file query_31.pdb (PDB, C-alpha atoms and all ligand atoms)
ATOM      1  CA  MET T  17      91.740  78.787  93.188
ATOM      2  CA  ALA T  18      92.826  81.855  95.051
ATOM      3  CA  ILE T  19      91.395  85.162  96.120
ATOM      4  CA  LEU T  20      93.445  87.876  94.427
ATOM      5  CA  ASN T  21      94.177  91.410  95.560
ATOM      6  CA  ILE T  22      91.810  93.953  93.994
ATOM      7  CA  VAL T  23      93.522  96.970  92.411
ATOM      8  CA  LYS T  24      91.931 100.158  93.731
ATOM      9  CA  GLU T  25      91.549 103.675  92.438
ATOM     10  CA  PRO T  26      93.728 105.812  92.019
ATOM     11  CA  ASP T  27      96.172 103.066  90.952
ATOM     12  CA  GLU T  28      97.356 103.997  87.446
ATOM     13  CA  LEU T  29      97.023 100.389  86.282
ATOM     14  CA  LEU T  30      93.246 100.873  86.154
ATOM     15  CA  ARG T  31      93.795 103.563  83.481
ATOM     16  CA  LYS T  32      95.784 101.335  81.145
ATOM     17  CA  ARG T  33      94.393  99.711  78.010
ATOM     18  CA  SER T  34      94.232  95.928  78.332
ATOM     19  CA  LYS T  35      95.618  93.645  75.628
ATOM     20  CA  GLU T  36      93.832  91.111  73.471
ATOM     21  CA  VAL T  37      94.049  87.551  74.781
ATOM     22  CA  THR T  38      95.804  85.391  72.176
ATOM     23  CA  GLU T  39      96.612  82.255  74.196
ATOM     24  CA  PHE T  40      93.699  80.334  75.652
ATOM     25  CA  SER T  41      95.979  78.383  77.929
ATOM     26  CA  ALA T  42      95.838  76.818  81.385
ATOM     27  CA  ARG T  43      97.261  80.103  82.683
ATOM     28  CA  LEU T  44      94.222  81.976  81.371
ATOM     29  CA  HIS T  45      91.898  79.389  82.894
ATOM     30  CA  GLN T  46      93.630  79.765  86.263
ATOM     31  CA  LEU T  47      93.234  83.544  86.041
ATOM     32  CA  LEU T  48      89.511  83.229  85.215
ATOM     33  CA  ASP T  49      88.970  80.778  88.089
ATOM     34  CA  ASP T  50      90.766  83.115  90.496
ATOM     35  CA  MET T  51      88.781  86.105  89.201
ATOM     36  CA  ARG T  52      85.556  84.206  89.871
ATOM     37  CA  GLU T  53      86.576  83.394  93.426
ATOM     38  CA  THR T  54      87.728  86.982  94.017
ATOM     39  CA  MET T  55      84.474  88.414  92.622
ATOM     40  CA  GLN T  56      82.297  86.115  94.714
ATOM     41  CA  ALA T  57      84.289  86.800  97.880
ATOM     42  CA  ALA T  58      84.121  90.600  97.455
ATOM     43  CA  PRO T  59      81.095  90.189  96.845
ATOM     44  CA  GLY T  60      80.494  91.600  93.383
ATOM     45  CA  VAL T  61      78.584  90.767  90.210
ATOM     46  CA  GLY T  62      81.356  91.528  87.737
ATOM     47  CA  ILE T  63      85.132  91.780  87.526
ATOM     48  CA  ALA T  64      87.695  92.595  84.855
ATOM     49  CA  ALA T  65      91.225  91.154  84.678
ATOM     50  CA  VAL T  66      92.808  94.584  85.169
ATOM     51  CA  GLN T  67      91.154  94.723  88.589
ATOM     52  CA  VAL T  68      93.325  91.820  89.700
ATOM     53  CA  GLY T  69      96.414  93.293  88.063
ATOM     54  CA  THR T  70      96.427  91.553  84.664
ATOM     55  CA  LEU T  71      96.019  93.673  81.530
ATOM     56  CA  TYR T  72      93.949  91.175  79.552
ATOM     57  CA  ARG T  73      90.665  91.908  77.782
ATOM     58  CA  ALA T  74      88.853  89.360  79.948
ATOM     59  CA  CYS T  75      86.015  89.801  82.425
ATOM     60  CA  LEU T  76      83.233  87.993  84.238
ATOM     61  CA  VAL T  77      79.616  89.089  84.463
ATOM     62  CA  GLU T  78      77.219  87.455  86.918
ATOM     63  CA  THR T  79      73.972  87.342  84.933
ATOM     64  CA  LYS T  80      70.458  86.577  86.059
ATOM     65  CA  GLU T  81      69.773  84.138  83.222
ATOM     66  CA  ASN T  82      73.090  82.456  82.483
ATOM     67  CA  GLY T  83      75.016  82.546  85.767
ATOM     68  CA  VAL T  84      78.619  83.732  85.578
ATOM     69  CA  VAL T  85      79.588  84.457  81.955
ATOM     70  CA  GLU T  86      83.228  84.741  80.894
ATOM     71  CA  LEU T  87      83.827  87.365  78.198
ATOM     72  CA  ILE T  88      87.210  87.421  76.472
ATOM     73  CA  ASN T  89      88.196  90.000  73.824
ATOM     74  CA  ALA T  90      84.590  91.174  74.090
ATOM     75  CA  VAL T  91      83.099  94.010  72.044
ATOM     76  CA  ILE T  92      79.640  95.555  72.068
ATOM     77  CA  THR T  93      78.095  95.155  68.628
ATOM     78  CA  ASP T  94      74.691  96.682  69.378
ATOM     79  CA  SER T  95      73.222  98.756  72.190
ATOM     80  CA  SER T  96      69.971 100.573  72.953
ATOM     81  CA  ASP T  97      67.650 101.792  75.694
ATOM     82  CA  LEU T  98      69.894 104.326  77.462
ATOM     83  CA  ARG T  99      68.862 104.837  81.061
ATOM     84  CA  GLU T 100      70.281 105.949  84.371
ATOM     85  CA  PHE T 101      71.552 103.285  86.702
ATOM     86  CA  GLN T 102      73.213 103.391  90.111
ATOM     87  CA  VAL T 103      76.515 101.535  90.075
ATOM     88  CA  GLY T 104      79.484 100.754  92.231
ATOM     89  CA  CYS T 105      82.882  99.272  91.439
ATOM     90  CA  LEU T 106      85.115  96.899  93.369
ATOM     91  CA  SER T 107      88.013  99.237  92.522
ATOM     92  CA  VAL T 108      86.192 102.275  93.955
ATOM     93  CA  PRO T 109      85.180 100.866  97.340
ATOM     94  CA  GLY T 110      82.481 102.358  99.517
ATOM     95  CA  LYS T 111      80.990 104.610  96.835
ATOM     96  CA  ARG T 112      78.195 104.572  94.289
ATOM     97  CA  GLY T 113      77.087 106.910  91.529
ATOM     98  CA  ILE T 114      74.495 107.395  88.811
ATOM     99  CA  VAL T 115      75.656 106.629  85.271
ATOM    100  CA  ILE T 116      73.819 106.367  81.945
ATOM    101  CA  TYR T 117      74.297 102.989  80.314
ATOM    102  CA  PRO T 118      72.383 101.040  77.683
ATOM    103  CA  HIS T 119      69.957  98.513  79.139
ATOM    104  CA  LYS T 120      70.127  96.296  76.052
ATOM    105  CA  VAL T 121      73.435  95.221  74.530
ATOM    106  CA  THR T 122      74.694  92.542  72.206
ATOM    107  CA  VAL T 123      78.219  91.379  72.961
ATOM    108  CA  ARG T 124      80.522  89.405  70.696
ATOM    109  CA  ALA T 125      83.260  87.579  72.622
ATOM    110  CA  GLN T 126      85.321  84.435  72.958
ATOM    111  CA  ASP T 127      85.054  81.834  75.692
ATOM    112  CA  ARG T 128      87.992  80.385  77.645
ATOM    113  CA  THR T 129      88.797  77.986  74.794
ATOM    114  CA  GLY T 130      88.836  80.763  72.191
ATOM    115  CA  LYS T 131      85.468  79.843  70.698
ATOM    116  CA  GLY T 132      83.498  82.846  69.476
ATOM    117  CA  PHE T 133      79.928  83.558  70.562
ATOM    118  CA  THR T 134      77.350  86.333  70.682
ATOM    119  CA  MET T 135      75.171  87.032  73.726
ATOM    120  CA  ASP T 136      72.415  89.514  74.529
ATOM    121  CA  PHE T 137      72.304  91.223  77.910
ATOM    122  CA  THR T 138      69.424  93.227  79.363
ATOM    123  CA  GLU T 139      68.761  95.447  82.375
ATOM    124  CA  ARG T 140      71.326  95.108  85.170
ATOM    125  CA  ASP T 141      73.276  92.471  83.232
ATOM    126  CA  ALA T 142      73.688  94.912  80.309
ATOM    127  CA  VAL T 143      74.928  97.635  82.647
ATOM    128  CA  CYS T 144      77.375  95.216  84.220
ATOM    129  CA  ALA T 145      78.693  94.069  80.825
ATOM    130  CA  CYS T 146      79.232  97.697  79.727
ATOM    131  CA  HIS T 147      80.945  98.500  83.024
ATOM    132  CA  GLU T 148      83.359  95.562  82.672
ATOM    133  CA  LEU T 149      84.112  96.294  79.013
ATOM    134  CA  ASP T 150      84.909  99.900  79.989
ATOM    135  CA  HIS T 151      87.619  98.485  82.272
ATOM    136  CA  PHE T 152      89.298  97.009  79.152
ATOM    137  CA  ASP T 153      89.972 100.582  78.001
ATOM    138  CA  GLY T 154      90.910 102.104  81.343
ATOM    139  CA  VAL T 155      87.524 103.762  81.858
ATOM    140  CA  LEU T 156      85.896 103.868  85.311
ATOM    141  CA  TYR T 157      82.274 104.702  86.033
ATOM    142  CA  ILE T 158      83.414 107.774  87.973
ATOM    143  CA  ASP T 159      84.441 109.254  84.583
ATOM    144  CA  LYS T 160      80.818 109.122  83.394
ATOM    145  CA  LEU T 161      78.823 110.302  86.411
ATOM    146  CA  VAL T 162      75.588 112.208  85.891
ATOM    147  CA  ALA T 163      75.145 112.594  89.665
ATOM    148  CA  PRO T 164      77.882 112.939  92.264
ATOM    149  CA  VAL T 165      79.424 109.955  93.982
ATOM    150  CA  GLU T 166      77.827 109.304  97.307
ATOM    151  CA  ALA T 167      78.828 107.157 100.206
ATOM    152  CA  ASP T 168      77.447 103.676  99.758
ATOM    153  CA  THR T 169      74.424 103.215 101.979
ATOM    154  CA  ASP T 170      72.541 100.779  99.763
ATOM    155  CA  SER T 171      72.867  97.124 100.638
ATOM    156  CA  GLU T 172      71.256  95.908  97.397
ATOM    157  CA  PRO T 173      73.781  94.252  95.083
ATOM    158  CA  GLU T 174      73.016  96.258  91.956
ATOM    159  CA  SER T 175      76.175  96.463  89.958
ATOM    160  CA  GLU T 176      79.724  95.392  90.396
ATOM    161  CA  SER T 177      79.953  96.120  94.092
ATOM    162  CA  GLY T 178      77.411  94.507  96.339
ATOM    163  CA  GLU T 179      78.475  96.319  99.431
TER
HETATM  164 ZN    ZN E   1      84.410  98.177  88.006
END
call {"tool": "encode", "arguments": {"input": "query_31.pdb", "output": "structure tokens"}}
result
Amino acid sequence: MAILNIVKEPDELLRKRSKEVTEFSARLHQLLDDMRETMQAAPGVGIAAVQVGTLYRACLVETKENGVVELINAVITDSSDLREFQVGCLSVPGKRGIVIYPHKVTVRAQDRTGKGFTMDFTERDAVCACHELDHFDGVLYIDKLVAPVEADTDSEPESESGE
């Protein structure tokens, strides 16, 4: 495994739409393993492939119930319970902001072998899943702010960035 370089705002790559994963190969598995190591080293609780420079619809979410979950070609099929949440992003270092996200989502995705599954996420895990899936379409949380970005003074690991 290897710790990869994290792409940071305002790099235009972060604004690109990622592509569907069609080959569930050793190369994908290597990427997912490297993403996990990169996320844990940052430290963060979620990471999307675009953040390490690969335009694949693949991300990791560190959940409370199921540990690190790999979501490939993921889509949200149901969402509810919109609430404000303070988030950060590994690609927007040193800042946090308030965003409205659903606190209950159902996600349909594939695992690293291409097998389809459906998973429910709640609370912080739901916010994190929405945040990572936004990265698939070039959307950053700073596009959705309901309160201005502030310097990060909170040491609680709440969303993607734990710093
Ligand atoms: Zn992010």
call {"tool": "residues_around", "arguments": {"input": "query_31.pdb", "residues": "Asp27 in chain T", "least_positions_apart": "3", "cutoff": "12 Å", "atoms": "only C-alpha atoms", "output": "VMD selection string"}}
result
chain T and resid 22 to 24 30 to 32 66 to 69 107 to 108 154 156
call {"tool": "resolve_selection", "arguments": {"input": "query_31.pdb", "expression": "the PyMOL selection byres (((chain T and resi 78) around 9) and not hetatm)", "output": "PDB file with C-alpha atoms, in the frame of the given file"}}
result
ATOM      1  CA  GLY T  60      80.494  91.600  93.383  1.00  0.00           C
ATOM      2  CA  VAL T  61      78.584  90.767  90.210  1.00  0.00           C
ATOM      3  CA  GLY T  62      81.356  91.528  87.737  1.00  0.00           C
ATOM      4  CA  LEU T  76      83.233  87.993  84.238  1.00  0.00           C
ATOM      5  CA  VAL T  77      79.616  89.089  84.463  1.00  0.00           C
ATOM      6  CA  THR T  79      73.972  87.342  84.933  1.00  0.00           C
ATOM      7  CA  LYS T  80      70.458  86.577  86.059  1.00  0.00           C
ATOM      8  CA  GLU T  81      69.773  84.138  83.222  1.00  0.00           C
ATOM      9  CA  ASN T  82      73.090  82.456  82.483  1.00  0.00           C
ATOM     10  CA  GLY T  83      75.016  82.546  85.767  1.00  0.00           C
ATOM     11  CA  VAL T  84      78.619  83.732  85.578  1.00  0.00           C
ATOM     12  CA  VAL T  85      79.588  84.457  81.955  1.00  0.00           C
ATOM     13  CA  GLU T  86      83.228  84.741  80.894  1.00  0.00           C
ATOM     14  CA  ASP T 141      73.276  92.471  83.232  1.00  0.00           C
ATOM     15  CA  CYS T 144      77.375  95.216  84.220  1.00  0.00           C
TER      16      CYS T 144
END
call {"tool": "resolve_selection", "arguments": {"input": "query_31.pdb", "expression": "the PyMOL selection byres (((not hetatm)) within 9 of (chain E and resi 1))", "output": "count of residues only"}}
result
21
call {"tool": "atom_distance", "arguments": {"input": "query_31.pdb", "atom1": "CA of Arg33 in chain T", "atom2": "CA of Glu53 in chain T"}}
result
23.8 Å
call {"tool": "closest_residue", "arguments": {"input": "query_31.pdb", "among": "T:Arg128, T:His45, T:His119, T:Arg73", "to": "Asp94 in chain T", "atoms": "all atoms listed in the file"}}
result
T:His119
